[in-house]
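Everything below belongs to my_file-v2.cif, which stores mmCIF, C-alpha atoms and all ligand atoms.
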```
data_model
loop_
_atom_site.label_atom_id
_atom_site.label_comp_id
_atom_site.auth_asym_id
_atom_site.auth_seq_id
_atom_site.Cartn_x
_atom_site.Cartn_y
_atom_site.Cartn_z
CA MET F 1 90.41 -32.63 -158.79
CA ILE F 2 89.09 -35.43 -156.60
CA THR F 3 89.98 -35.96 -152.95
CA VAL F 4 92.51 -38.50 -151.77
CA GLU F 5 89.71 -40.51 -150.13
CA GLN F 6 87.57 -40.52 -153.28
CA TYR F 7 90.50 -41.77 -155.30
CA GLN F 8 91.45 -44.41 -152.70
CA GLU F 9 87.85 -45.65 -152.65
CA SER F 10 87.65 -45.91 -156.42
CA VAL F 11 90.91 -47.86 -156.49
CA LEU F 12 90.10 -50.21 -153.62
CA ALA F 13 86.75 -51.04 -155.20
CA HIS F 14 88.74 -52.93 -157.86
CA VAL F 15 91.25 -54.68 -155.61
CA ALA F 16 90.36 -57.92 -153.82
CA PRO F 17 92.24 -60.29 -151.50
CA LEU F 18 94.14 -62.88 -153.54
CA PRO F 19 92.56 -66.36 -153.40
CA THR F 20 94.04 -68.32 -150.54
CA ARG F 21 96.46 -71.17 -151.14
CA ARG F 22 98.92 -73.31 -149.27
CA VAL F 23 102.51 -72.07 -149.25
CA GLN F 24 105.68 -73.50 -147.74
CA VAL F 25 106.17 -72.41 -144.13
CA THR F 26 109.46 -70.85 -145.22
CA GLU F 27 107.47 -68.48 -147.48
CA ALA F 28 104.73 -67.65 -145.00
CA HIS F 29 106.39 -65.04 -142.76
CA GLY F 30 104.25 -61.89 -142.59
CA LEU F 31 101.31 -63.42 -144.49
CA ARG F 32 97.76 -63.68 -143.18
CA LEU F 33 96.52 -67.11 -142.23
CA ALA F 34 93.33 -68.02 -144.08
CA GLU F 35 92.08 -70.93 -141.91
CA ASP F 36 92.53 -72.27 -138.40
CA VAL F 37 95.50 -74.61 -138.15
CA HIS F 38 95.21 -77.78 -136.05
CA ALA F 39 98.04 -79.82 -134.61
CA VAL F 40 99.10 -82.92 -136.54
CA LEU F 41 101.75 -83.81 -133.96
CA ALA F 42 101.51 -83.56 -130.20
CA VAL F 43 103.94 -81.08 -128.63
CA PRO F 44 106.11 -82.58 -127.28
CA PRO F 45 105.58 -85.50 -129.67
CA PHE F 46 106.92 -88.04 -127.12
CA ALA F 47 107.85 -88.02 -123.41
CA ASN F 48 111.42 -86.76 -123.13
CA SER F 49 113.99 -85.53 -120.67
CA ALA F 50 114.07 -81.88 -119.63
CA MET F 51 117.63 -82.27 -118.29
CA ASP F 52 120.98 -83.84 -119.03
CA GLY F 53 121.15 -86.60 -116.43
CA TYR F 54 120.00 -90.12 -115.60
CA ALA F 55 116.59 -91.64 -116.20
CA VAL F 56 115.50 -93.71 -113.20
CA ARG F 57 112.49 -95.14 -111.44
CA ALA F 58 111.65 -92.61 -108.74
CA ALA F 59 111.00 -95.45 -106.31
CA ASP F 60 114.59 -96.69 -106.77
CA VAL F 61 116.13 -93.40 -105.60
CA ALA F 62 113.52 -92.48 -102.98
CA GLY F 63 115.99 -92.72 -100.10
CA ALA F 64 118.98 -90.98 -101.72
CA THR F 65 120.56 -88.08 -99.80
CA ALA F 66 123.95 -86.37 -99.87
CA ALA F 67 124.81 -88.18 -96.63
CA ALA F 68 123.48 -91.52 -97.88
CA PRO F 69 123.84 -91.58 -101.67
CA LEU F 70 122.65 -94.53 -103.76
CA THR F 71 124.63 -96.24 -106.51
CA LEU F 72 122.87 -97.58 -109.63
CA PRO F 73 124.36 -99.48 -112.59
CA VAL F 74 124.12 -97.52 -115.87
CA VAL F 75 122.58 -99.79 -118.54
CA GLY F 76 122.26 -97.47 -121.52
CA ASP F 77 122.81 -94.07 -123.12
CA VAL F 78 120.10 -91.92 -124.75
CA PRO F 79 121.26 -88.79 -126.57
CA ALA F 80 118.61 -86.60 -128.27
CA GLY F 81 117.49 -88.28 -131.49
CA THR F 82 117.63 -91.85 -130.14
CA SER F 83 114.77 -93.88 -131.57
CA HIS F 84 114.86 -97.02 -129.40
CA PRO F 85 116.13 -96.12 -125.93
CA ALA F 86 117.36 -98.83 -123.54
CA THR F 87 114.93 -99.89 -120.81
CA VAL F 88 115.39 -98.85 -117.19
CA VAL F 89 114.98 -102.18 -115.41
CA PRO F 90 114.34 -101.95 -111.64
CA GLY F 91 117.41 -100.78 -109.77
CA SER F 92 119.20 -99.31 -112.84
CA ALA F 93 119.72 -95.98 -114.60
CA VAL F 94 120.08 -94.90 -118.24
CA ARG F 95 122.03 -91.75 -119.13
CA VAL F 96 119.78 -89.34 -121.03
CA MET F 97 120.35 -85.95 -122.64
CA THR F 98 117.87 -83.07 -122.86
CA GLY F 99 115.30 -83.91 -125.54
CA GLY F 100 116.17 -87.62 -125.53
CA PRO F 101 113.11 -89.90 -125.28
CA LEU F 102 112.33 -91.07 -121.76
CA PRO F 103 113.47 -94.72 -121.62
CA PRO F 104 110.77 -97.31 -121.01
CA GLY F 105 110.54 -98.15 -117.32
CA ALA F 106 111.78 -94.71 -116.16
CA ASP F 107 109.47 -92.14 -114.58
CA ALA F 108 111.93 -89.42 -113.54
CA VAL F 109 115.29 -87.88 -114.42
CA VAL F 110 118.09 -87.16 -111.93
CA PRO F 111 120.00 -84.11 -113.27
CA VAL F 112 123.74 -84.77 -113.71
CA GLU F 113 124.38 -82.08 -111.09
CA LEU F 114 122.79 -84.36 -108.42
CA THR F 115 125.14 -87.25 -109.24
CA ASP F 116 128.86 -87.98 -108.92
CA GLN F 117 129.29 -87.52 -112.71
CA PRO F 118 130.96 -84.47 -114.26
CA PRO F 119 128.79 -82.21 -116.43
CA GLY F 120 129.69 -82.01 -120.11
CA ALA F 121 131.25 -84.58 -122.43
CA ALA F 122 132.19 -87.79 -120.57
CA GLU F 123 132.46 -91.52 -121.20
CA LEU F 124 129.41 -93.54 -120.22
CA PRO F 125 130.10 -94.61 -116.61
CA THR F 126 129.38 -98.17 -115.42
CA HIS F 127 127.69 -96.78 -112.31
CA VAL F 128 126.20 -93.50 -111.17
CA VAL F 129 125.96 -92.24 -107.59
CA VAL F 130 122.67 -90.41 -106.92
CA ARG F 131 122.81 -87.83 -104.12
CA GLU F 132 119.19 -86.66 -104.04
CA ALA F 133 115.76 -88.29 -104.44
CA VAL F 134 113.52 -87.16 -107.32
CA PRO F 135 109.74 -87.63 -107.31
CA ALA F 136 107.99 -89.39 -110.21
CA GLY F 137 107.56 -87.08 -113.19
CA ARG F 138 110.43 -84.74 -112.22
CA HIS F 139 112.31 -83.35 -115.25
CA VAL F 140 110.10 -85.31 -117.62
CA ARG F 141 108.28 -83.44 -120.40
CA GLY F 142 105.12 -85.39 -121.04
CA GLU F 143 103.84 -86.19 -124.52
CA GLY F 144 101.25 -83.56 -125.46
CA ASP F 145 102.03 -81.34 -122.43
CA ASP F 146 101.65 -78.26 -124.63
CA ILE F 147 99.16 -79.36 -127.31
CA ARG F 148 97.58 -82.58 -128.55
CA PRO F 149 96.81 -83.64 -132.12
CA GLY F 150 93.69 -81.87 -133.30
CA ASP F 151 94.10 -78.89 -130.95
CA THR F 152 93.95 -75.46 -132.61
CA VAL F 153 97.48 -74.06 -132.84
CA LEU F 154 96.82 -70.91 -134.89
CA HIS F 155 93.66 -68.98 -135.63
CA ALA F 156 92.50 -67.78 -139.05
CA GLY F 157 93.36 -64.11 -139.53
CA THR F 158 96.70 -64.28 -137.71
CA THR F 159 99.49 -62.36 -139.40
CA LEU F 160 102.25 -64.95 -139.25
CA ALA F 161 105.18 -63.81 -137.11
CA ALA F 162 108.24 -65.79 -136.04
CA THR F 163 106.55 -67.49 -133.09
CA HIS F 164 103.52 -68.54 -135.16
CA LEU F 165 105.79 -70.24 -137.67
CA SER F 166 107.71 -72.14 -134.99
CA ALA F 167 104.42 -73.28 -133.43
CA ALA F 168 103.13 -74.47 -136.82
CA VAL F 169 106.20 -76.54 -137.67
CA SER F 170 106.39 -77.98 -134.15
CA ALA F 171 102.81 -79.13 -134.57
CA GLY F 172 103.78 -80.95 -137.77
CA HIS F 173 103.04 -78.51 -140.61
CA GLY F 174 105.22 -77.85 -143.65
CA GLU F 175 102.69 -75.67 -145.50
CA LEU F 176 100.13 -73.13 -144.35
CA PRO F 177 96.94 -71.76 -145.96
CA VAL F 178 97.44 -68.03 -146.53
CA HIS F 179 96.64 -65.12 -148.77
CA PRO F 180 99.81 -65.32 -150.92
CA ARG F 181 102.15 -62.46 -151.61
CA PRO F 182 100.95 -60.44 -154.62
CA ARG F 183 103.44 -60.58 -157.49
CA VAL F 184 103.93 -56.91 -158.33
CA GLY F 185 105.29 -55.97 -161.73
CA VAL F 186 107.41 -52.80 -161.62
CA LEU F 187 107.95 -50.92 -164.87
CA ALA F 188 109.60 -47.52 -165.32
CA THR F 189 108.94 -45.39 -168.38
CA GLY F 190 111.02 -42.64 -169.94
CA ASP F 191 113.43 -42.04 -172.84
CA GLU F 192 115.77 -40.33 -170.37
CA LEU F 193 116.40 -43.36 -168.19
CA CYS F 194 119.68 -45.24 -167.97
CA ALA F 195 120.71 -48.24 -165.87
CA PRO F 196 122.02 -47.68 -162.33
CA GLY F 197 125.77 -47.16 -162.16
CA THR F 198 126.18 -46.33 -165.85
CA ASP F 199 127.23 -42.95 -167.26
CA PRO F 200 123.95 -41.23 -168.13
CA GLY F 201 125.37 -38.99 -170.84
CA PRO F 202 123.71 -35.69 -171.75
CA GLY F 203 120.03 -35.30 -170.94
CA ARG F 204 119.70 -38.67 -169.26
CA ILE F 205 119.32 -39.75 -165.60
CA PRO F 206 119.62 -43.01 -163.69
CA ASP F 207 116.38 -44.96 -163.30
CA SER F 208 115.91 -44.71 -159.54
CA ASN F 209 112.15 -45.39 -159.48
CA SER F 210 112.49 -49.06 -160.39
CA LEU F 211 114.64 -49.83 -157.39
CA LEU F 212 112.59 -47.57 -155.15
CA LEU F 213 109.42 -49.40 -156.10
CA VAL F 214 110.93 -52.88 -155.97
CA ALA F 215 112.11 -52.23 -152.42
CA LEU F 216 108.85 -50.58 -151.34
CA VAL F 217 106.89 -53.54 -152.73
CA ARG F 218 109.04 -55.92 -150.73
CA GLU F 219 108.66 -53.81 -147.58
CA ALA F 220 104.88 -53.86 -148.06
CA GLY F 221 104.82 -57.69 -148.22
CA GLY F 222 104.59 -58.06 -152.00
CA GLU F 223 106.86 -60.05 -154.30
CA PRO F 224 108.41 -57.60 -156.75
CA VAL F 225 108.72 -58.63 -160.38
CA PRO F 226 111.09 -56.07 -161.97
CA LEU F 227 110.11 -55.47 -165.59
CA GLY F 228 112.87 -52.97 -166.41
CA THR F 229 112.34 -49.75 -168.32
CA VAL F 230 110.67 -48.80 -171.58
CA GLY F 231 111.08 -45.62 -173.58
CA ASP F 232 108.31 -43.16 -174.35
CA ASP F 233 106.78 -45.32 -177.05
CA PRO F 234 103.21 -46.52 -176.50
CA ALA F 235 103.56 -49.63 -178.69
CA GLN F 236 106.71 -50.68 -176.84
CA LEU F 237 104.98 -50.10 -173.50
CA ARG F 238 101.90 -52.11 -174.48
CA ALA F 239 104.15 -54.97 -175.61
CA ALA F 240 106.16 -54.93 -172.39
CA VAL F 241 103.02 -54.96 -170.25
CA GLY F 242 101.29 -57.58 -172.39
CA SER F 243 104.17 -60.02 -172.10
CA ALA F 244 104.22 -59.70 -168.29
CA LEU F 245 100.51 -60.02 -167.50
CA ASP F 246 100.52 -63.78 -166.97
CA ARG F 247 103.17 -63.65 -164.25
CA ILE F 248 101.95 -60.71 -162.15
CA ASP F 249 98.95 -60.03 -159.93
CA VAL F 250 99.25 -56.24 -160.07
CA LEU F 251 101.35 -53.72 -162.01
CA VAL F 252 102.96 -50.46 -160.89
CA THR F 253 104.37 -48.08 -163.50
CA SER F 254 106.20 -44.79 -163.06
CA GLY F 255 106.13 -41.75 -165.30
CA GLY F 256 104.09 -40.74 -168.29
CA VAL F 257 100.78 -39.88 -166.63
CA SER F 258 100.96 -36.10 -166.66
CA VAL F 259 100.08 -33.57 -169.33
CA GLY F 260 103.34 -33.59 -171.30
CA THR F 261 103.55 -34.23 -175.00
CA LYS F 262 105.04 -37.69 -174.52
CA ASP F 263 103.03 -39.06 -171.63
CA VAL F 264 103.40 -42.65 -172.67
CA VAL F 265 101.28 -44.49 -170.11
CA LYS F 266 98.37 -42.20 -170.79
CA ALA F 267 98.79 -42.69 -174.54
CA ALA F 268 99.22 -46.47 -174.37
CA PHE F 269 96.34 -47.20 -172.00
CA ALA F 270 93.89 -44.38 -172.66
CA GLU F 271 91.08 -46.94 -172.97
CA GLN F 272 91.89 -49.22 -170.04
CA LEU F 273 92.99 -46.76 -167.34
CA GLY F 274 91.32 -43.78 -165.75
CA PHE F 275 93.51 -40.74 -165.19
CA GLU F 276 92.71 -38.34 -162.37
CA SER F 277 94.01 -35.21 -160.73
CA VAL F 278 94.05 -36.03 -157.04
CA ALA F 279 94.10 -33.23 -154.46
CA MET F 280 97.47 -34.14 -153.02
CA GLN F 281 101.00 -32.84 -153.22
CA PRO F 282 103.11 -34.43 -154.48
CA GLY F 283 101.39 -37.07 -156.58
CA LYS F 284 98.60 -35.13 -158.27
CA PRO F 285 98.44 -37.06 -161.57
CA GLN F 286 97.41 -40.69 -160.98
CA GLY F 287 96.19 -43.45 -163.22
CA PHE F 288 94.42 -46.67 -162.32
CA GLY F 289 92.57 -49.43 -164.10
CA VAL F 290 92.24 -53.17 -164.53
CA LEU F 291 93.83 -54.86 -167.53
CA ALA F 292 92.91 -58.12 -169.24
CA GLY F 293 93.17 -61.03 -166.85
CA GLY F 294 92.07 -58.82 -163.97
CA VAL F 295 95.47 -57.27 -163.29
CA PRO F 296 95.08 -53.91 -161.53
CA VAL F 297 97.51 -51.20 -162.66
CA PHE F 298 98.72 -48.30 -160.58
CA ALA F 299 100.14 -45.72 -162.99
CA LEU F 300 102.19 -43.39 -160.79
CA PRO F 301 103.78 -40.11 -161.77
CA GLY F 302 107.51 -40.07 -162.54
CA ASN F 303 109.03 -37.77 -159.97
CA PRO F 304 110.69 -39.94 -157.33
CA VAL F 305 109.18 -38.19 -154.33
CA SER F 306 105.76 -38.49 -155.98
CA VAL F 307 106.42 -42.18 -156.55
CA MET F 308 107.26 -42.73 -152.91
CA VAL F 309 104.25 -40.80 -151.64
CA SER F 310 101.88 -42.38 -154.18
CA PHE F 311 103.10 -45.80 -153.17
CA HIS F 312 102.35 -45.24 -149.48
CA VAL F 313 99.03 -43.51 -150.09
CA HIS F 314 97.59 -45.62 -152.93
CA VAL F 315 99.60 -48.75 -153.72
CA ALA F 316 100.38 -50.00 -150.20
CA PRO F 317 96.69 -50.04 -149.17
CA GLY F 318 95.94 -52.03 -152.34
CA LEU F 319 98.70 -54.54 -151.57
CA ARG F 320 97.46 -54.89 -147.99
CA ARG F 321 93.99 -55.61 -149.32
CA MET F 322 95.41 -58.29 -151.66
CA LEU F 323 97.25 -59.79 -148.68
CA GLY F 324 93.92 -60.06 -146.84
CA LEU F 325 94.92 -57.32 -144.39
CA PRO F 326 93.00 -54.13 -143.56
CA ALA F 327 93.77 -51.78 -146.44
CA ARG F 328 94.16 -48.66 -144.33
CA ARG F 329 96.41 -48.05 -141.41
CA PRO F 330 95.54 -45.41 -138.82
CA LEU F 331 97.33 -42.12 -139.31
CA GLY F 332 99.68 -41.06 -136.49
CA ALA F 333 100.17 -37.55 -135.18
CA ALA F 334 103.15 -35.25 -134.72
CA ARG F 335 103.98 -31.62 -134.00
CA ALA F 336 105.71 -29.35 -136.47
CA GLY F 337 109.18 -28.45 -135.17
CA VAL F 338 109.52 -25.55 -137.64
CA ALA F 339 107.29 -23.54 -139.97
CA TRP F 340 106.66 -24.58 -143.56
CA ARG F 341 104.31 -23.68 -146.40
CA CYS F 342 101.61 -25.95 -147.84
CA PRO F 343 99.87 -26.01 -151.21
CA PRO F 344 96.36 -24.53 -151.03
CA GLY F 345 93.56 -26.97 -151.81
CA ARG F 346 95.74 -30.08 -151.82
CA ARG F 347 96.70 -32.44 -149.03
CA GLN F 348 100.41 -32.22 -148.39
CA TYR F 349 102.57 -35.29 -147.86
CA LEU F 350 105.90 -33.86 -146.77
CA PRO F 351 108.97 -36.06 -146.23
CA VAL F 352 110.15 -35.31 -142.70
CA LEU F 353 112.70 -36.13 -140.05
CA VAL F 354 111.11 -37.37 -136.83
CA GLU F 355 112.48 -36.54 -133.41
CA ASP F 356 111.10 -38.38 -130.39
CA ASP F 357 112.09 -35.98 -127.64
CA GLY F 358 109.87 -37.44 -124.92
CA ALA F 359 106.98 -35.03 -125.61
CA PRO F 360 103.53 -36.61 -126.08
CA LEU F 361 103.84 -36.20 -129.86
CA PRO F 362 107.10 -36.53 -131.83
CA SER F 363 108.44 -33.42 -133.50
CA VAL F 364 108.93 -33.28 -137.28
CA ARG F 365 110.73 -31.04 -139.74
CA PRO F 366 111.15 -31.18 -143.52
CA ALA F 367 113.81 -33.66 -144.64
CA SER F 368 114.93 -31.50 -147.54
CA ALA F 369 116.45 -28.06 -147.08
CA GLY F 370 115.57 -27.44 -150.72
CA GLY F 371 111.84 -27.45 -150.04
CA SER F 372 109.16 -29.96 -150.89
CA GLY F 373 109.88 -30.41 -154.61
CA SER F 374 108.99 -33.83 -155.91
CA HIS F 375 112.30 -34.11 -157.81
CA LEU F 376 114.48 -33.94 -154.67
CA VAL F 377 115.32 -37.61 -154.74
CA ALA F 378 118.67 -37.48 -152.95
CA SER F 379 117.33 -35.74 -149.84
CA LEU F 380 114.46 -38.22 -149.80
CA ALA F 381 116.98 -40.58 -148.25
CA LEU F 382 116.88 -38.49 -145.07
CA ALA F 383 113.12 -38.80 -144.65
CA GLN F 384 111.80 -41.02 -141.88
CA ALA F 385 108.08 -40.45 -142.41
CA LEU F 386 105.56 -38.24 -144.20
CA ALA F 387 103.89 -35.33 -142.45
CA VAL F 388 100.29 -35.07 -143.62
CA VAL F 389 98.72 -31.61 -143.70
CA PRO F 390 95.03 -31.06 -144.56
CA GLU F 391 93.91 -29.43 -147.81
CA ASP F 392 92.63 -26.25 -146.12
CA VAL F 393 95.93 -25.39 -144.38
CA ASP F 394 98.35 -23.21 -146.30
CA ALA F 395 101.03 -22.73 -143.67
CA VAL F 396 102.21 -24.78 -140.72
CA ALA F 397 103.58 -22.99 -137.66
CA PRO F 398 105.93 -24.50 -135.06
CA GLY F 399 103.87 -26.50 -132.56
CA ASP F 400 100.96 -27.18 -134.97
CA GLU F 401 99.67 -30.72 -134.97
CA VAL F 402 100.06 -32.62 -138.25
CA GLY F 403 99.32 -36.18 -139.38
CA LEU F 404 102.16 -38.67 -139.48
CA LEU F 405 102.41 -41.53 -141.95
CA ARG F 406 105.23 -43.91 -141.03
CA TRP F 407 106.36 -46.94 -143.03
P1 LIG T 501 107.20 -37.89 -166.20
O1 LIG T 501 105.99 -38.01 -165.33
O2 LIG T 501 107.43 -39.13 -167.03
O3 LIG T 501 107.17 -36.66 -167.01
O4 LIG T 501 108.43 -37.77 -165.22
C1 LIG T 501 108.50 -36.73 -164.29
C2 LIG T 501 109.90 -36.54 -163.81
O5 LIG T 501 110.31 -37.72 -163.15
C3 LIG T 501 110.92 -36.26 -164.88
O6 LIG T 501 111.83 -35.31 -164.38
C4 LIG T 501 111.56 -37.60 -165.07
O7 LIG T 501 112.86 -37.49 -165.56
C5 LIG T 501 111.54 -38.17 -163.69
N1 LIG T 501 111.53 -39.62 -163.77
C6 LIG T 501 110.64 -40.35 -164.48
N2 LIG T 501 110.91 -41.66 -164.35
C7 LIG T 501 111.98 -41.76 -163.56
C8 LIG T 501 112.72 -42.87 -163.05
N3 LIG T 501 112.41 -44.12 -163.37
N4 LIG T 501 113.75 -42.62 -162.21
C9 LIG T 501 114.06 -41.35 -161.90
N5 LIG T 501 113.39 -40.28 -162.32
C10 LIG T 501 112.37 -40.47 -163.15
MG MG T 502 108.40 -39.58 -168.64
#
```
Please go through the file and, once you have read it, give me the structure as structure tokens.
Amino acid sequence: MITVEQYQESVLAHVAPLPTRRVQVTEAHGLRLAEDVHAVLAVPPFANSAMDGYAVRAADVAGATAAAPLTLPVVGDVPAGTSHPATVVPGSAVRVMTGGPLPPGADAVVPVELTDQPPGAAELPTHVVVREAVPAGRHVRGEGDDIRPGDTVLHAGTTLAATHLSAAVSAGHGELPVHPRPRVGVLATGDELCAPGTDPGPGRIPDSNSLLLVALVREAGGEPVPLGTVGDDPAQLRAAVGSALDRIDVLVTSGGVSVGTKDVVKAAFAEQLGFESVAMQPGKPQGFGVLAGGVPVFALPGNPVSVMVSFHVHVAPGLRRMLGLPARRPLGAARAGVAWRCPPGRRQYLPVLVEDDGAPLPSVRPASAGGSGSHLVASLALAQALAVVPEDVDAVAPGDEVGLLRW
């Protein structure tokens, strides 16, 4: 057996960040920016009104007060989106809405609340009564107030969140240079598998691993490419994989890597993949290798709990590396809420419920009453995290500190 770290190292040595390319901004959420991004447009791109009101020359309303209001003729109307606003000639006003371009000649905006006009939808008045003076520049958003063309808007290495995307499009971008999402082929093996929602019949079970993996891939930032299921026939498996290689960046299979008589992945890819016993529970049998075209393959065991654990421990770090992110995430910590047993000599990854009861560390207890068996797929749905217990511990007592791997 090799340690989890040894196996992770040997896998990550063959996984590299995907070459960067430009993707549509709508596809870039969660991806890592590969280069600094500079503004094409100023923000705001033109001087515009910060208020619904009347654009004026500040000098024309300098003396206005509630006691001595001033009346100006209204010579135009500028809703947001107007391209050629009317000019504010001396002694006049132009109605303007928030975001509408500041009319030529104007240097300030009198909010509608400081006039005799009603707020909300109204006909354009012939005149407006101004009850308060406004200094030059008031309620005007200047062109380039926030950033100017050429300014750096986003820095290389940023993981693109909602606000980064809105900044990028405001500054004029429709595409961004990123490490793209890896396209992850997902293939389940087993003669016993039937499609979800169909009657399995004797000796057969629904294929749950495909959906599990497709969803986990998506949660980890990859683009799943479901490749369906193949039976325990090495030729069939090689054909299915071969026909998918040109549309995937990495492949994840489930089942067929153990020591059974029909371990199909092992049989089909004995040359290309290395198969190891890793000192972990569940998830001891693992396979990994790189196929023609440089496609890495994670050959996971078949038991659903093993699949889930193997994904978080081995596949997710690989996908993060491909996304240009740090492969490993720091392990959290928790306290055992109850006692449980651990396999000697193997690191335990136990699906647990997590209770944040205000103590410095959250409390955890096994998610499955039936124990830690890797076939307990239905109770896996209760799990909120994995408790991680070192190889040299064979029993956990209430209050013991354990590692916590959240997703
Ligand atoms: P294997 O490693 O192929 O021997 O599979 C180990 C166990 O996982 C067996 O009980 C299989 O029936 C089960 N299993 C394998 N593949 C799947 C799958 N796609 N969905 C659900 N269970 C599976
Ligand atoms: Mg099988």
May I ask you to write as a PyMOL selection string all residues lying at most 10 Å from ligand MG 502 (chain T), with all atoms listed in the file counted?
-> chain F and resi 188-193+230-232+254-258+260-265+301-303
Contacts of F:Asn209 within 12 Å, all atoms listed in the file, excl. fewer than 4 positions in-chain, as a PDB file with C-alpha atoms, in the coordinates of the input:
```
ATOM      1  CA  VAL F 186     107.410 -52.800-161.620  1.00  0.00           C
ATOM      2  CA  LEU F 187     107.950 -50.920-164.870  1.00  0.00           C
ATOM      3  CA  ALA F 188     109.600 -47.520-165.320  1.00  0.00           C
ATOM      4  CA  THR F 189     108.940 -45.390-168.380  1.00  0.00           C
ATOM      5  CA  GLY F 190     111.020 -42.640-169.940  1.00  0.00           C
ATOM      6  CA  LEU F 193     116.400 -43.360-168.190  1.00  0.00           C
ATOM      7  CA  CYS F 194     119.680 -45.240-167.970  1.00  0.00           C
ATOM      8  CA  ALA F 195     120.710 -48.240-165.870  1.00  0.00           C
ATOM      9  CA  PRO F 196     122.020 -47.680-162.330  1.00  0.00           C
ATOM     10  CA  ILE F 205     119.320 -39.750-165.600  1.00  0.00           C
ATOM     11  CA  LEU F 213     109.420 -49.400-156.100  1.00  0.00           C
ATOM     12  CA  VAL F 214     110.930 -52.880-155.970  1.00  0.00           C
ATOM     13  CA  ALA F 215     112.110 -52.230-152.420  1.00  0.00           C
ATOM     14  CA  LEU F 216     108.850 -50.580-151.340  1.00  0.00           C
ATOM     15  CA  VAL F 217     106.890 -53.540-152.730  1.00  0.00           C
ATOM     16  CA  PRO F 226     111.090 -56.070-161.970  1.00  0.00           C
ATOM     17  CA  LEU F 227     110.110 -55.470-165.590  1.00  0.00           C
ATOM     18  CA  GLY F 228     112.870 -52.970-166.410  1.00  0.00           C
ATOM     19  CA  THR F 229     112.340 -49.750-168.320  1.00  0.00           C
ATOM     20  CA  VAL F 252     102.960 -50.460-160.890  1.00  0.00           C
ATOM     21  CA  THR F 253     104.370 -48.080-163.500  1.00  0.00           C
ATOM     22  CA  SER F 254     106.200 -44.790-163.060  1.00  0.00           C
ATOM     23  CA  GLY F 255     106.130 -41.750-165.300  1.00  0.00           C
ATOM     24  CA  LEU F 300     102.190 -43.390-160.790  1.00  0.00           C
ATOM     25  CA  PRO F 301     103.780 -40.110-161.770  1.00  0.00           C
ATOM     26  CA  GLY F 302     107.510 -40.070-162.540  1.00  0.00           C
ATOM     27  CA  ASN F 303     109.030 -37.770-159.970  1.00  0.00           C
ATOM     28  CA  PRO F 304     110.690 -39.940-157.330  1.00  0.00           C
ATOM     29  CA  VAL F 305     109.180 -38.190-154.330  1.00  0.00           C
ATOM     30  CA  SER F 306     105.760 -38.490-155.980  1.00  0.00           C
ATOM     31  CA  VAL F 307     106.420 -42.180-156.550  1.00  0.00           C
ATOM     32  CA  MET F 308     107.260 -42.730-152.910  1.00  0.00           C
ATOM     33  CA  SER F 310     101.880 -42.380-154.180  1.00  0.00           C
ATOM     34  CA  PHE F 311     103.100 -45.800-153.170  1.00  0.00           C
ATOM     35  CA  HIS F 375     112.300 -34.110-157.810  1.00  0.00           C
ATOM     36  CA  VAL F 377     115.320 -37.610-154.740  1.00  0.00           C
TER      37      VAL F 377
END
```
Neighbouring residues of stretch 64-67 of chain F were defined as those with any atom within 6 Å, considering all atoms listed in the file; residues of the same chain fewer than 3 positions away were excluded. Please report them as an mmCIF file with C-alpha atoms, keeping the file's coordinate frame.
```
data_model
loop_
_atom_site.group_PDB
_atom_site.id
_atom_site.type_symbol
_atom_site.label_atom_id
_atom_site.label_comp_id
_atom_site.auth_asym_id
_atom_site.auth_seq_id
_atom_site.Cartn_x
_atom_site.Cartn_y
_atom_site.Cartn_z
ATOM 1 C CA VAL F 61 116.130 -93.400 -105.600
ATOM 2 C CA LEU F 70 122.650 -94.530 -103.760
ATOM 3 C CA ARG F 131 122.810 -87.830 -104.120
ATOM 4 C CA GLU F 132 119.190 -86.660 -104.040
ATOM 5 C CA ALA F 133 115.760 -88.290 -104.440
#
```
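The spacing separating atom CA of F:Ala161 from atom CA of F:Phe46 amounts to 26.3 Å.
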For stretch 108-122 of chain F, list every protein, DNA or RNA residue within 12 Å, evaluated using only C-alpha atoms, and leave out those in the same chain fewer than 4 positions away; present the list as a PyMOL selection string.
-> chain F and resi 47-62+64-66+69-72+74+77+79+88+93-104+126-142
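Comparing F:Leu323, F:Val388, F:Val169, F:Val396 by their smallest distance to F:Ala339, the closest is F:Val396 (using all atoms listed in the file).
Relative to atom CA of F:Thr158, atom CA of F:Val40 is found at 18.8 Å.
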